[in-house]
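Notes follow the structure.
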Amino acid sequence: MKLYYATNSCSLSPHIIANEAGISLDLEKVNITKAPHLTEAGQDFAEINPKGYVPALRLDDGSLLTEGVAIALYLADRTPQSGLAPAEGTPERYRLLEWLTFISSELHKAYSPWLFHPELGETAQQAARAKIADRLALIEKHLATNAYLLGERFSAADAYAFTVIGWSKWTRVDLTPYPRLRDYLQRIAARPHVREAMRAEGMAIAAAA
Ligand SMILES: N[C@@H](CCC(=O)N[C@@H](CS)C(=O)NCC(=O)O)C(=O)O
């Protein structure tokens, strides 16, 4: 399988999940900062994924799977023993879907594109920051009684949350009101498979908070 990724982007999440699941991926970097987005092999990424964004996963049958949540579940389900995704039909599975959806629609898409494009204006950015603050407060509360989003065990949702909330340092989202969240991010940042994914993508290995 090959993961199309961009450094410092949401594609870190499936990369972490693959590492944690013991799945070895081929990696191809995409430059999403310039149009057209070119892969490191020089191909226009739109020819590979017409949606134009990462992550995208080339499966072993040659087909392409897109959307971070779908890719996260696909990878986690390859190794049920990893505990990254509870089994289908269990109550915990729906909790995982609940968290993945929350991170995707309420956090990921509040940080991005709004906080990465100053040209969108200070009013839009302040509105995005206010929404993000409310949502981080919910996670902070959850972490009062849970080590991870699904309870005591690291799951695919934590890989995604770590990736997205990790953007706070570049987007002026203040994490000081959330001590448990900062501790959670640091615990995840210390995981060997997380460090390995970050290193492979050329990211700075440092505490996320
Ligand atoms: N709905 C997609 C969104 C993915 C997304 O926003 N990817 C960003 C990086 S975090 C990207 O590749 N942006 C480049 C672009 O939109 O041109 C998903 O959840 O996977």
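Residue numbering restarts at 1 in every chain; chains get A, B, ... in the order shown in the structure tokens, and ligands count up from 1 in that same order.
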Within 9 Å of range 4-14 of chain A, which residues of range 72-136 of chain A come that close, and what is the closest atom pair and distance in Å for each? Count only C-alpha atoms and give it as CSV.
residue,atom,partner,partner_atom,distance
A:Ala72,CA,A:Pro14,CA,5.3
A:Leu73,CA,A:Pro14,CA,8.9
A:Leu75,CA,A:Pro14,CA,7.4
A:Ala76,CA,A:Pro14,CA,8.9
A:His108,CA,A:Cys10,CA,8.1
For the selection you just gave me, I'd like the residues written to a file as a PDB file, in the first residue's frame, keeping N, CA and C atoms.
ATOM      1  N   ALA A  72      -8.320   5.753   7.967  1.00  0.00           N
ATOM      2  CA  ALA A  72      -7.993   5.378   9.352  1.00  0.00           C
ATOM      3  C   ALA A  72      -8.664   4.055   9.717  1.00  0.00           C
ATOM      4  N   LEU A  73      -9.941   3.937   9.390  1.00  0.00           N
ATOM      5  CA  LEU A  73     -10.664   2.700   9.727  1.00  0.00           C
ATOM      6  C   LEU A  73     -10.136   1.527   8.921  1.00  0.00           C
ATOM      7  N   LEU A  75      -7.134   1.010   7.756  1.00  0.00           N
ATOM      8  CA  LEU A  75      -5.842   0.553   8.291  1.00  0.00           C
ATOM      9  C   LEU A  75      -6.022  -0.118   9.651  1.00  0.00           C
ATOM     10  N   ALA A  76      -6.805   0.512  10.504  1.00  0.00           N
ATOM     11  CA  ALA A  76      -6.990  -0.052  11.856  1.00  0.00           C
ATOM     12  C   ALA A  76      -7.650  -1.426  11.784  1.00  0.00           C
ATOM     13  N   HIS A 108     -10.800  19.455  12.529  1.00  0.00           N
ATOM     14  CA  HIS A 108      -9.969  19.534  11.322  1.00  0.00           C
ATOM     15  C   HIS A 108     -10.431  20.690  10.434  1.00  0.00           C
TER      16      HIS A 108
END
Show me which residues are within 8 Å of ligand 1 counting only C-alpha atoms and all ligand atoms, and format the list as a list in words.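 The residues near ligand 1 are Tyr5, Ala6, Asn8, Ser9, Cys10, Ser11, Ile32, Thr33, His37, Lys51, Gly52, Tyr53, Val54, Pro55, Ala56, Thr66, Glu67, Gly68, Val69, Ser104, His108, Lys109, Ser112 and Pro113 of chain A.
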Extract, using only C-alpha atoms, all DNA, RNA and protein residues at most 12 Å from Leu185 in chain A, discarding same-chain residues fewer than 4 positions from it, and format them as number ranges by chain. A: 139-140, 143, 147-149, 154, 158-168, 175, 178-181, 189-191, 194, 206-209
I need the residues from that last selection saved to file as a PDB file, in the first residue's frame (with N, CA and C atoms), if you can.
ATOM      1  N   ILE A 139     -12.937  18.174  24.977  1.00  0.00           N
ATOM      2  CA  ILE A 139     -11.926  17.107  25.076  1.00  0.00           C
ATOM      3  C   ILE A 139     -11.234  17.183  26.436  1.00  0.00           C
ATOM      4  N   GLU A 140     -10.923  18.403  26.870  1.00  0.00           N
ATOM      5  CA  GLU A 140     -10.284  18.577  28.184  1.00  0.00           C
ATOM      6  C   GLU A 140     -11.139  17.934  29.276  1.00  0.00           C
ATOM      7  N   LEU A 143     -10.992  14.166  29.138  1.00  0.00           N
ATOM      8  CA  LEU A 143      -9.714  13.607  29.605  1.00  0.00           C
ATOM      9  C   LEU A 143      -9.590  13.617  31.133  1.00  0.00           C
ATOM     10  N   ALA A 147      -7.927   8.340  29.848  1.00  0.00           N
ATOM     11  CA  ALA A 147      -6.545   8.580  29.414  1.00  0.00           C
ATOM     12  C   ALA A 147      -6.505   8.935  27.929  1.00  0.00           C
ATOM     13  N   TYR A 148      -7.395   8.304  27.158  1.00  0.00           N
ATOM     14  CA  TYR A 148      -7.465   8.519  25.706  1.00  0.00           C
ATOM     15  C   TYR A 148      -8.932   8.740  25.326  1.00  0.00           C
ATOM     16  N   LEU A 149      -9.182   9.023  24.072  1.00  0.00           N
ATOM     17  CA  LEU A 149     -10.555   9.363  23.688  1.00  0.00           C
ATOM     18  C   LEU A 149     -11.518   8.201  23.896  1.00  0.00           C
ATOM     19  N   PHE A 154      -5.098   3.660  23.552  1.00  0.00           N
ATOM     20  CA  PHE A 154      -4.870   4.496  22.365  1.00  0.00           C
ATOM     21  C   PHE A 154      -5.628   3.911  21.168  1.00  0.00           C
ATOM     22  N   ASP A 158      -7.217   8.903  18.538  1.00  0.00           N
ATOM     23  CA  ASP A 158      -6.137   9.663  19.177  1.00  0.00           C
ATOM     24  C   ASP A 158      -5.084  10.090  18.152  1.00  0.00           C
ATOM     25  N   ALA A 159      -4.829   9.221  17.181  1.00  0.00           N
ATOM     26  CA  ALA A 159      -3.869   9.585  16.132  1.00  0.00           C
ATOM     27  C   ALA A 159      -4.362  10.816  15.376  1.00  0.00           C
ATOM     28  N   TYR A 160      -5.660  10.832  15.114  1.00  0.00           N
ATOM     29  CA  TYR A 160      -6.248  11.945  14.349  1.00  0.00           C
ATOM     30  C   TYR A 160      -6.285  13.220  15.210  1.00  0.00           C
ATOM     31  N   ALA A 161      -6.701  13.076  16.459  1.00  0.00           N
ATOM     32  CA  ALA A 161      -6.762  14.257  17.343  1.00  0.00           C
ATOM     33  C   ALA A 161      -5.367  14.848  17.527  1.00  0.00           C
ATOM     34  N   PHE A 162      -4.382  13.988  17.750  1.00  0.00           N
ATOM     35  CA  PHE A 162      -2.994  14.448  17.930  1.00  0.00           C
ATOM     36  C   PHE A 162      -2.534  15.242  16.709  1.00  0.00           C
ATOM     37  N   THR A 163      -2.851  14.714  15.532  1.00  0.00           N
ATOM     38  CA  THR A 163      -2.426  15.355  14.284  1.00  0.00           C
ATOM     39  C   THR A 163      -3.039  16.750  14.147  1.00  0.00           C
ATOM     40  N   VAL A 164      -4.335  16.820  14.337  1.00  0.00           N
ATOM     41  CA  VAL A 164      -5.038  18.090  14.102  1.00  0.00           C
ATOM     42  C   VAL A 164      -4.732  19.113  15.204  1.00  0.00           C
ATOM     43  N   ILE A 165      -4.808  18.691  16.455  1.00  0.00           N
ATOM     44  CA  ILE A 165      -4.573  19.659  17.550  1.00  0.00           C
ATOM     45  C   ILE A 165      -3.100  20.079  17.561  1.00  0.00           C
ATOM     46  N   GLY A 166      -2.255  19.214  16.995  1.00  0.00           N
ATOM     47  CA  GLY A 166      -0.838  19.568  16.860  1.00  0.00           C
ATOM     48  C   GLY A 166      -0.613  20.813  16.002  1.00  0.00           C
ATOM     49  N   TRP A 167      -1.602  21.179  15.203  1.00  0.00           N
ATOM     50  CA  TRP A 167      -1.462  22.390  14.383  1.00  0.00           C
ATOM     51  C   TRP A 167      -1.588  23.666  15.214  1.00  0.00           C
ATOM     52  N   SER A 168      -1.968  23.516  16.470  1.00  0.00           N
ATOM     53  CA  SER A 168      -2.206  24.709  17.308  1.00  0.00           C
ATOM     54  C   SER A 168      -0.984  25.609  17.354  1.00  0.00           C
ATOM     55  N   LEU A 175      -3.232  26.623  23.846  1.00  0.00           N
ATOM     56  CA  LEU A 175      -3.588  25.397  24.568  1.00  0.00           C
ATOM     57  C   LEU A 175      -3.383  25.538  26.081  1.00  0.00           C
ATOM     58  N   TYR A 178      -5.838  24.185  28.709  1.00  0.00           N
ATOM     59  CA  TYR A 178      -6.184  22.747  28.667  1.00  0.00           C
ATOM     60  C   TYR A 178      -5.011  21.880  29.135  1.00  0.00           C
ATOM     61  N   PRO A 179      -4.719  21.853  30.419  1.00  0.00           N
ATOM     62  CA  PRO A 179      -3.544  21.098  30.893  1.00  0.00           C
ATOM     63  C   PRO A 179      -3.629  19.602  30.618  1.00  0.00           C
ATOM     64  N   ARG A 180      -4.833  19.039  30.750  1.00  0.00           N
ATOM     65  CA  ARG A 180      -4.941  17.591  30.488  1.00  0.00           C
ATOM     66  C   ARG A 180      -4.727  17.304  29.004  1.00  0.00           C
ATOM     67  N   LEU A 181      -5.222  18.179  28.174  1.00  0.00           N
ATOM     68  CA  LEU A 181      -5.030  18.004  26.728  1.00  0.00           C
ATOM     69  C   LEU A 181      -3.537  18.104  26.379  1.00  0.00           C
ATOM     70  N   ALA A 189       2.894  12.153  21.677  1.00  0.00           N
ATOM     71  CA  ALA A 189       4.137  12.537  20.977  1.00  0.00           C
ATOM     72  C   ALA A 189       5.307  11.647  21.378  1.00  0.00           C
ATOM     73  N   ALA A 190       5.231  11.067  22.576  1.00  0.00           N
ATOM     74  CA  ALA A 190       6.335  10.234  23.071  1.00  0.00           C
ATOM     75  C   ALA A 190       6.250   8.793  22.559  1.00  0.00           C
ATOM     76  N   ARG A 191       5.153   8.433  21.926  1.00  0.00           N
ATOM     77  CA  ARG A 191       5.012   7.043  21.464  1.00  0.00           C
ATOM     78  C   ARG A 191       6.012   6.771  20.327  1.00  0.00           C
ATOM     79  N   VAL A 194       4.676   7.010  16.797  1.00  0.00           N
ATOM     80  CA  VAL A 194       4.308   8.381  16.421  1.00  0.00           C
ATOM     81  C   VAL A 194       5.575   9.142  16.016  1.00  0.00           C
ATOM     82  N   ALA A 206       9.089  16.989  18.519  1.00  0.00           N
ATOM     83  CA  ALA A 206       9.021  17.784  19.749  1.00  0.00           C
ATOM     84  C   ALA A 206       7.651  17.544  20.348  1.00  0.00           C
ATOM     85  N   ALA A 207       7.502  17.926  21.564  1.00  0.00           N
ATOM     86  CA  ALA A 207       6.189  17.810  22.194  1.00  0.00           C
ATOM     87  C   ALA A 207       5.208  18.633  21.379  1.00  0.00           C
ATOM     88  N   ALA A 208       4.003  18.116  21.223  1.00  0.00           N
ATOM     89  CA  ALA A 208       3.018  18.794  20.375  1.00  0.00           C
ATOM     90  C   ALA A 208       2.430  20.017  21.073  1.00  0.00           C
ATOM     91  N   ALA A 209       2.494  20.063  22.360  1.00  0.00           N
ATOM     92  CA  ALA A 209       1.811  21.168  23.054  1.00  0.00           C
ATOM     93  C   ALA A 209       2.779  22.274  23.420  1.00  0.00           C
TER      94      ALA A 209
END
Report the distance between CA of Gly62 in chain A and CA of Met1 in chain A in Å, rounded to one decimal place. 8.7 Å
DSSP-assigned alpha helix (DSSP H) among chain A, expressed as a PyMOL selection string: chain A and resi 12-21+45-48+68-78+91-101+109-111+122-142+156-165+168-171+179-189+192-200
Just asking: which residues within range 7-203 of chain A are strand (DSSP E) according to DSSP, as an NGL selection string? :A and (26-31 or 38-39 or 56-58 or 64-66)
Restricting the calculation to only C-alpha atoms: of A:Leu115, A:Leu27, A:Ala70, A:Ala110, which residue gets closest to Trp170 in chain A?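 Under the stated criterion, the closest residue is A:Leu115.
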Quick one: residues within 12 Å of Ala124 in chain A, only C-alpha atoms counted, chain neighbours fewer than 3 positions away excluded, as a list in words?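 Once the adjacent positions are removed, what remains is Ala110, Tyr111, Ser112, Pro113, Trp114, Leu115, Phe116, His117, Pro118, Glu119, Leu120, Gly121, Ala127, Ala128, Arg129, Ala130 and Lys131 of chain A.
CA of Asn19 in chain A sits 11.1 Å away from CA of Thr79 in chain A.
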Please compute the CA of Ala137 in chain A-CA of Arg172 in chain A distance, one decimal, in Å.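 Distance reported for this atom pair: 16.2 Å.
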